[in-house]
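The block underneath contains the structure these notes are about, expressed in structure tokens.
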Amino acid sequence: MRKKHILLVALIACCSVASFAQARKGLRLNEVMVVNEDNFVDDYGQRSAWIELFNSNFAPLEISSVFITNDPANPTKYPVPLGDVNTRIPKRQHIVFWADGKPSRGTFHMNFVLNPEEPNWIGVYDADGRTLIDSITVPPMPYNSTFARKVDGEGTSALDWEVRSGNEGSIITPSSNNVIRDTNKKVDTFARVDANGFGMTVSAMGIVFLALLLLSTCFYIISRIGAKRSQNKKLAAHGINPAEVRRADKPEGDSGEVIAAIAAALNEHLNAHDLESTILTFQKMRKPYSPWSSHIYTLRQMPRK
Amino acid sequence: MGEFGTFLLENLTQFWQLTGFYNATWQHLVMLAVGLFFIWLAIKKDFEPMLLVPIGFGILIGNVPFNTAAGLEVGIYEEGSVLNILYNGVSAGWYPPLIFLGIGAMTDFTALIANPKLMLVGAAAQFGIFGAYMVALALGFMPDQAGSISIIGGADGPTAIFLSSKLAPNLMGAIAVSAYSYMALVPVIQPPIMRLLTTKNERLIKMKPARAVAQSEKILFPIIGMLLTCFVVPSGLPLLGMLFFGNLLRECGVTNRLAKTASNALTDIVTILLGMTVGASTQASTFLTKETIFIFALGFMAFIIASASGVLFVKLFNLILPANKKLNPLIGNAGVSAVPMSSRISNNLGLEYDPSNYLLMHAMGPNVAGVIGSAVAAGVLLGFLA
């Protein structure tokens with residue numbers, strides 16, 4: 001009993017750890033500004049390099065104890081402090097860290113700065129200090145430009161990033177979505193391409209039929225297997241080998257009528273009578289009662305008063 | 001009069017301005033009349049009383065006029081009010097899956113497992129949803145609004161609320177009231193359609209009693225059912241997952257206490273809260289609009305298409321079935337998921353033409369398949385449009 005409990009607790013613990021790890025994997029580097037001349041201002045009124053992280057999960061993500069670094073040889077360079085409520089990123093939202101080398105200014109001010117002359121490698125490591133969650137190498141850029149994901153949180157290669165100048169069509173968006181969507185694209189596409197709803201009807205009904213057809217087929221197969229197994233069990237209980245029964249006693253196209261006719265013919269042949277007018281009829285006996293046609297199932301009456 | 005008298009008068013004037021009598025408009029009175037009509041329908045006519053009494057009274061609660069500028073924090077849309085907290089189950093969409101848990105714990109899927117081909121009848125009835133979707137688009141609704149409205153054709157209140165809370169929250173009140181109203185009117189809507197689309201000979205078809213279903217099959221059904229349907233439509237997970245989970249609690253034989261709670265106490269509590277808050281959300285300003293009239297008209301049409309397509313599909317299906325395995329088309333209407341009302345209609349109509357032809361258990365197959373089908377359809381709409 002105790003073993004069983006220990007096993008159960010261990011299983012639950014594994015599941016919790018696995019789900020936690022899975023959530024942390026949703027953290028993404030999203031936009032980086034290396035030279036900040038007249039862009040975003042921090043809570044001290046200062047301008048410095050910033051790194052935006054994005055929670056790509058559809059659930060809040062607590063990032064305290066993860067590490068942010070600009071040195072692959074030192075993955076635990078800046079640990080995000082524990083105990084700050086602001087390190088919980090809401091679903092699909094952003095958070096900005098300042099690379100100003102002034103960690104005494106608070107949780108979001110890191111202990112390193114970025115080098116404007118050279119490419120900057122930036123990495124985010126999980127709480128174990130070994131598991132790399134995300135990384136990017138930011139190329140040297142003009143001042144007030146950012147290196148940003150084309151779509152928030154999406155893509156795995158540098159090709160999914162672009163340099164943004166801050167001009168129209170190339171906006172810089174600290175603490176905000178890199179792509180601004182003012183309408184639901186899916187709805188707009190359906191409204192434009194499938195204005196009469198025929199495409200939706202065909203595809204959706206196809207999926208509904210497919211789902212229920214799969215279920216139906218699955219249970220047809222299960223019922224066949226179940227029927228066969230229960231028949232075999234019954235035969236085995238009487239000491240009969242089911243395989244032999246199938247070979248010897250079940251000719252193809254067998255029906256009760258044929259066997260009854262053969263038996264009647266043999267009876268006639270072996271017990272010769274005078275010529276008599278005989279009409280042989282067969283009637284299958286039916287079980288008169290079935291719960292499927294029982295009156296008790298209709299006792300709930302239709303509403304009337 | 002003196003200072004004290006002026007003070008009293010000012011206070012009484014302020015109080016008068018807070019009362020419902022001062023703030024009432026004709027729209028409020030119309031909505032109160034609608035609420036009273038629902039309560040009358042439920043108590044006097046016995047139309048879905050479990051739903052229409054909470055909804056009707058909820059409409060009364062939601063339409064008591066008050067001064068919203070006074071900051072009383074009593075209205076359902078005022079953040080932090082008690083009604084607003086209760087309404088979270090609707091707006092965030094977690095009441096419907098709890099109802100589905102109860103439905104799963106109440107439903108016996110034996111009829112469906114014994115005759116799996118009946119699942120296709122449940123699928124065919126979902127044409128009601130998409131027929132209404134096309135008409136809603138033609139009337140000028142956007143695809144997400146059209147999807148929310150058309151789900152009324154699934155004849156499944158929780159599904160309608162779930163989908164509309166995600167796709168068109170502003171239409172949810174009208175959609176929910178429409179869905180539940182038509183579910184209550186199923187005995188009035190369906191029989192004429194069934195008579196119109198079937199011949200006398202078809203109505204007399206006797207279906208063979210289905211085989212006995214092993215307990216192991218009943219246990220496998222919710223597990224396989226959940227995995228298969230949710231693999232196809234993951235967006236239906238909240239509804240389908242809870243439906244099949246409830247059914248597993250019922251069938252596994254070792255969680256009777258949980259199954260009883262899910263099917264009785266839990267369902268009752270959630271039904272009370274869901275009905276009341278949906279009713280309260282139908283406030284005059286959002287309810288008495290041209291859209292509401294369209295929604296009711298589309299809902300009615302969706303019910304007709306759903307019932308008709310179920311019956312017609314059975315007739316079509318009979319063309320390929322062997323003579324001894326024909327289905328009675330009167331069970332086709334049960335493909336809409338108004339459980340068990342539409343099955344009882346099939347049964348009563350069958351008995352009307354042959355007093356020994358009991359169709360109830362046969363109709364329960366497509367009926368519960370309709371529940372699954374409408375949840376899958378909602379999942380598809382959510383996946384396509386959310």
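Ordering of the structure tokens sets the chain letters (A, B, ...); residue numbers start at 1 within each chain; ligands are numbered from 1 in the order shown.
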Quick one: everything within 7 Å of segment 27-39 of chain B, counting only C-alpha atoms, minus sequence neighbours fewer than 3 positions away in the same chain. Send it as a ChimeraX atom specification. /B:24,42-43,52-53,56-57,59-60,63,65,284
Could the residues of chain B within 6 Å of chain A, counting only C-alpha atoms, be given as a PDB file with N, CA and C atoms, in the first residue's frame, please?
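Listed below is the output, out_9.pdb:
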```pdb
ATOM      1  N   ASP B  46     -45.316  23.935 -18.555  1.00  0.00           N
ATOM      2  CA  ASP B  46     -44.311  22.894 -18.320  1.00  0.00           C
ATOM      3  C   ASP B  46     -43.243  22.831 -19.408  1.00  0.00           C
ATOM      4  N   PRO B 116     -23.573   1.421 -33.882  1.00  0.00           N
ATOM      5  CA  PRO B 116     -22.720   2.591 -34.131  1.00  0.00           C
ATOM      6  C   PRO B 116     -23.087   3.397 -35.373  1.00  0.00           C
ATOM      7  N   LYS B 117     -23.776   2.761 -36.329  1.00  0.00           N
ATOM      8  CA  LYS B 117     -24.077   3.532 -37.547  1.00  0.00           C
ATOM      9  C   LYS B 117     -25.036   4.694 -37.267  1.00  0.00           C
ATOM     10  N   MET B 119     -24.587   6.902 -35.281  1.00  0.00           N
ATOM     11  CA  MET B 119     -23.800   8.120 -35.064  1.00  0.00           C
ATOM     12  C   MET B 119     -23.882   9.040 -36.279  1.00  0.00           C
ATOM     13  N   ALA B 123     -24.627  13.065 -36.958  1.00  0.00           N
ATOM     14  CA  ALA B 123     -23.776  13.984 -37.735  1.00  0.00           C
ATOM     15  C   ALA B 123     -24.613  14.736 -38.763  1.00  0.00           C
ATOM     16  N   PHE B 130     -25.135  24.562 -40.191  1.00  0.00           N
ATOM     17  CA  PHE B 130     -24.433  25.218 -41.296  1.00  0.00           C
ATOM     18  C   PHE B 130     -25.391  25.802 -42.340  1.00  0.00           C
ATOM     19  N   MET B 134     -25.166  29.818 -43.424  1.00  0.00           N
ATOM     20  CA  MET B 134     -25.194  30.426 -44.754  1.00  0.00           C
ATOM     21  C   MET B 134     -26.245  31.541 -44.827  1.00  0.00           C
ATOM     22  N   PRO B 143     -18.812  36.344 -40.246  1.00  0.00           N
ATOM     23  CA  PRO B 143     -18.708  34.887 -40.047  1.00  0.00           C
ATOM     24  C   PRO B 143     -18.694  34.458 -38.585  1.00  0.00           C
ATOM     25  N   PRO B 209     -34.352  -5.083 -32.146  1.00  0.00           N
ATOM     26  CA  PRO B 209     -33.736  -4.720 -30.865  1.00  0.00           C
ATOM     27  C   PRO B 209     -32.224  -4.875 -30.967  1.00  0.00           C
ATOM     28  N   THR B 229     -12.349  12.008 -31.047  1.00  0.00           N
ATOM     29  CA  THR B 229     -12.984  13.271 -31.444  1.00  0.00           C
ATOM     30  C   THR B 229     -12.074  14.471 -31.151  1.00  0.00           C
ATOM     31  N   TYR B 358     -41.943   0.674 -30.378  1.00  0.00           N
ATOM     32  CA  TYR B 358     -41.275   1.566 -29.424  1.00  0.00           C
ATOM     33  C   TYR B 358     -39.928   2.009 -30.000  1.00  0.00           C
ATOM     34  N   MET B 361     -35.528   3.866 -27.452  1.00  0.00           N
ATOM     35  CA  MET B 361     -34.126   3.503 -27.268  1.00  0.00           C
ATOM     36  C   MET B 361     -33.338   3.593 -28.577  1.00  0.00           C
ATOM     37  N   LEU B 385     -12.756  30.114 -36.696  1.00  0.00           N
ATOM     38  CA  LEU B 385     -13.093  31.541 -36.598  1.00  0.00           C
ATOM     39  C   LEU B 385     -12.494  32.276 -35.403  1.00  0.00           C
TER      40      LEU B 385
END
```
Looking at only C-alpha atoms, which of A:Phe147, A:Trp161, A:Trp98, A:Phe112 is the one that sits closest to Tyr44 of chain A? A:Trp98
Tell me, as a ChimeraX atom specification, which residues lie within 7 Å of segment 52-56 of chain A, counting only C-alpha atoms; anything in the same chain fewer than 6 positions away does not count. /A:26-32,89,91-97,153,174-175
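Residues lying within 6 Å of Tyr125 of chain A, counting only C-alpha atoms and ignoring same-chain neighbours fewer than 3 positions away, are Val66, Phe67, Gly129, Thr131, Leu132 and Ile133 of chain A.
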Write to file, as a PDB file, in the first residue's frame, the residues of the selection just made, with all heavy atoms.
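To be explicit, this is the file written out as out.pdb:
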```
ATOM      1  N   VAL A  66      14.803  32.405 -13.830  1.00  0.00           N
ATOM      2  CA  VAL A  66      15.452  32.100 -15.110  1.00  0.00           C
ATOM      3  C   VAL A  66      16.672  33.039 -15.221  1.00  0.00           C
ATOM      4  O   VAL A  66      16.787  34.006 -14.464  1.00  0.00           O
ATOM      5  CB  VAL A  66      14.532  32.282 -16.348  1.00  0.00           C
ATOM      6  CG1 VAL A  66      13.290  31.445 -16.242  1.00  0.00           C
ATOM      7  CG2 VAL A  66      14.201  33.731 -16.601  1.00  0.00           C
ATOM      8  N   PHE A  67      17.538  32.724 -16.152  1.00  0.00           N
ATOM      9  CA  PHE A  67      18.762  33.517 -16.296  1.00  0.00           C
ATOM     10  C   PHE A  67      18.800  34.183 -17.672  1.00  0.00           C
ATOM     11  O   PHE A  67      18.469  33.554 -18.672  1.00  0.00           O
ATOM     12  CB  PHE A  67      19.994  32.621 -16.143  1.00  0.00           C
ATOM     13  CG  PHE A  67      20.096  31.984 -14.783  1.00  0.00           C
ATOM     14  CD1 PHE A  67      19.611  30.698 -14.564  1.00  0.00           C
ATOM     15  CD2 PHE A  67      20.667  32.669 -13.711  1.00  0.00           C
ATOM     16  CE1 PHE A  67      19.693  30.106 -13.314  1.00  0.00           C
ATOM     17  CE2 PHE A  67      20.746  32.080 -12.456  1.00  0.00           C
ATOM     18  CZ  PHE A  67      20.260  30.794 -12.250  1.00  0.00           C
ATOM     19  N   GLY A 129      20.102  26.620 -15.044  1.00  0.00           N
ATOM     20  CA  GLY A 129      21.320  27.250 -15.542  1.00  0.00           C
ATOM     21  C   GLY A 129      21.975  26.481 -16.670  1.00  0.00           C
ATOM     22  O   GLY A 129      23.052  26.859 -17.137  1.00  0.00           O
ATOM     23  N   THR A 131      19.722  24.554 -19.209  1.00  0.00           N
ATOM     24  CA  THR A 131      18.785  24.402 -20.326  1.00  0.00           C
ATOM     25  C   THR A 131      18.552  25.738 -21.015  1.00  0.00           C
ATOM     26  O   THR A 131      18.002  26.674 -20.419  1.00  0.00           O
ATOM     27  CB  THR A 131      17.430  23.860 -19.807  1.00  0.00           C
ATOM     28  OG1 THR A 131      17.684  22.730 -18.996  1.00  0.00           O
ATOM     29  CG2 THR A 131      16.504  23.493 -20.954  1.00  0.00           C
ATOM     30  N   LEU A 132      19.015  25.810 -22.274  1.00  0.00           N
ATOM     31  CA  LEU A 132      18.834  27.047 -23.034  1.00  0.00           C
ATOM     32  C   LEU A 132      17.394  27.106 -23.551  1.00  0.00           C
ATOM     33  O   LEU A 132      16.943  26.230 -24.284  1.00  0.00           O
ATOM     34  CB  LEU A 132      19.821  27.075 -24.213  1.00  0.00           C
ATOM     35  CG  LEU A 132      19.785  28.325 -25.091  1.00  0.00           C
ATOM     36  CD1 LEU A 132      20.192  29.564 -24.305  1.00  0.00           C
ATOM     37  CD2 LEU A 132      20.679  28.156 -26.309  1.00  0.00           C
ATOM     38  N   ILE A 133      16.671  28.142 -23.155  1.00  0.00           N
ATOM     39  CA  ILE A 133      15.274  28.276 -23.604  1.00  0.00           C
ATOM     40  C   ILE A 133      15.224  28.971 -24.960  1.00  0.00           C
ATOM     41  O   ILE A 133      14.532  28.542 -25.867  1.00  0.00           O
ATOM     42  CB  ILE A 133      14.437  29.082 -22.572  1.00  0.00           C
ATOM     43  CG1 ILE A 133      14.411  28.353 -21.221  1.00  0.00           C
ATOM     44  CG2 ILE A 133      13.016  29.286 -23.066  1.00  0.00           C
ATOM     45  CD1 ILE A 133      13.764  29.159 -20.105  1.00  0.00           C
TER      46      ILE A 133
END
```
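We find atom CA of Ala306 of chain B and atom CA of Phe162 of chain B to be spaced 19.7 Å apart.
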From segment 85-209 of chain A, collect each residue whose DSSP state is strand (DSSP E or B) and return the set as number ranges by chain. A: 88-89, 94-98, 100, 109, 113, 120-125, 132-138, 146-149, 161-164
All residues 9 Å or closer to segment 109-113 of chain B, only C-alpha atoms, same chain fewer than 6 positions away omitted, as a PyMOL selection string: (chain A and resi 216+219-220+223) or (chain B and resi 119+210+212-213+217-218+221+247+361-369)
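Across the model, the gap from atom CA of Gly154 of chain B to atom CA of Phe287 of chain B is 21.8 Å.
Each of A:Arg164, A:Arg24, A:Arg47, A:Lys77 was checked against Leu61 of chain A using only C-alpha atoms; the smallest atom-to-atom distance is that of A:Arg24.
Using only C-alpha atoms for every distance, the candidate list B:Arg203, B:Lys208, B:Val232, B:Leu321 yields B:Arg203 as the residue closest to Pro355 of chain B.
We find atom CA of Met226 of chain B and atom CA of Ile372 of chain B to be spaced 9.8 Å apart.
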Those of segment 4-234 of chain A in DSSP alpha helix (DSSP H), formatted as a VMD selection string: chain A and resid 4 to 24 185 to 193 198 to 234
Within 6 Å of Pro96 of chain B using only C-alpha atoms, minus same-chain residues under 2 positions, as a VMD selection string: chain B and resid 94 98 to 99 158 162
Take the selection from the previous step and output its residues with N, CA and C atoms, as a PDB file, in the first residue's frame.
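Result file is out_13.pdb:
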```pdb
ATOM      1  N   TRP B  94     -16.875  28.639 -18.524  1.00  0.00           N
ATOM      2  CA  TRP B  94     -16.625  27.395 -17.785  1.00  0.00           C
ATOM      3  C   TRP B  94     -17.895  26.745 -17.222  1.00  0.00           C
ATOM      4  N   LEU B  98     -18.987  22.280 -17.423  1.00  0.00           N
ATOM      5  CA  LEU B  98     -19.458  21.605 -16.204  1.00  0.00           C
ATOM      6  C   LEU B  98     -20.819  20.952 -16.439  1.00  0.00           C
ATOM      7  N   ILE B  99     -21.652  21.627 -17.211  1.00  0.00           N
ATOM      8  CA  ILE B  99     -22.951  21.028 -17.568  1.00  0.00           C
ATOM      9  C   ILE B  99     -22.703  19.763 -18.390  1.00  0.00           C
ATOM     10  N   PRO B 158     -25.832  24.608 -23.638  1.00  0.00           N
ATOM     11  CA  PRO B 158     -24.474  24.879 -23.170  1.00  0.00           C
ATOM     12  C   PRO B 158     -23.485  25.109 -24.305  1.00  0.00           C
ATOM     13  N   PHE B 162     -21.325  28.420 -24.878  1.00  0.00           N
ATOM     14  CA  PHE B 162     -19.867  28.293 -24.921  1.00  0.00           C
ATOM     15  C   PHE B 162     -19.312  28.971 -26.176  1.00  0.00           C
TER      16      PHE B 162
END
```
Quick one: residues within 9 Å of Asn67 of chain B, only C-alpha atoms, excluding same-chain residues fewer than 6 positions away - as a ChimeraX atom specification? /B:17-20,22-23
Let's have the selection written as a PDB file, in the first residue's frame, with N, CA and C atoms.
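Okay, this is what ended up in again_29.pdb:
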```pdb
ATOM      1  N   GLN B  17     -34.313  59.097  -7.095  1.00  0.00           N
ATOM      2  CA  GLN B  17     -33.596  58.996  -8.368  1.00  0.00           C
ATOM      3  C   GLN B  17     -32.833  57.676  -8.514  1.00  0.00           C
ATOM      4  N   LEU B  18     -32.656  57.002  -7.393  1.00  0.00           N
ATOM      5  CA  LEU B  18     -31.999  55.690  -7.462  1.00  0.00           C
ATOM      6  C   LEU B  18     -32.990  54.560  -7.712  1.00  0.00           C
ATOM      7  N   THR B  19     -34.263  54.813  -7.511  1.00  0.00           N
ATOM      8  CA  THR B  19     -35.241  53.713  -7.575  1.00  0.00           C
ATOM      9  C   THR B  19     -35.498  53.273  -9.009  1.00  0.00           C
ATOM     10  N   GLY B  20     -36.027  52.066  -9.114  1.00  0.00           N
ATOM     11  CA  GLY B  20     -36.380  51.521 -10.412  1.00  0.00           C
ATOM     12  C   GLY B  20     -37.497  52.315 -11.065  1.00  0.00           C
ATOM     13  N   TYR B  22     -38.020  55.496 -11.036  1.00  0.00           N
ATOM     14  CA  TYR B  22     -37.489  56.710 -11.656  1.00  0.00           C
ATOM     15  C   TYR B  22     -36.715  56.368 -12.933  1.00  0.00           C
ATOM     16  N   ASN B  23     -35.979  55.264 -12.901  1.00  0.00           N
ATOM     17  CA  ASN B  23     -35.080  54.925 -14.020  1.00  0.00           C
ATOM     18  C   ASN B  23     -35.707  54.044 -15.090  1.00  0.00           C
TER      19      ASN B  23
END
```
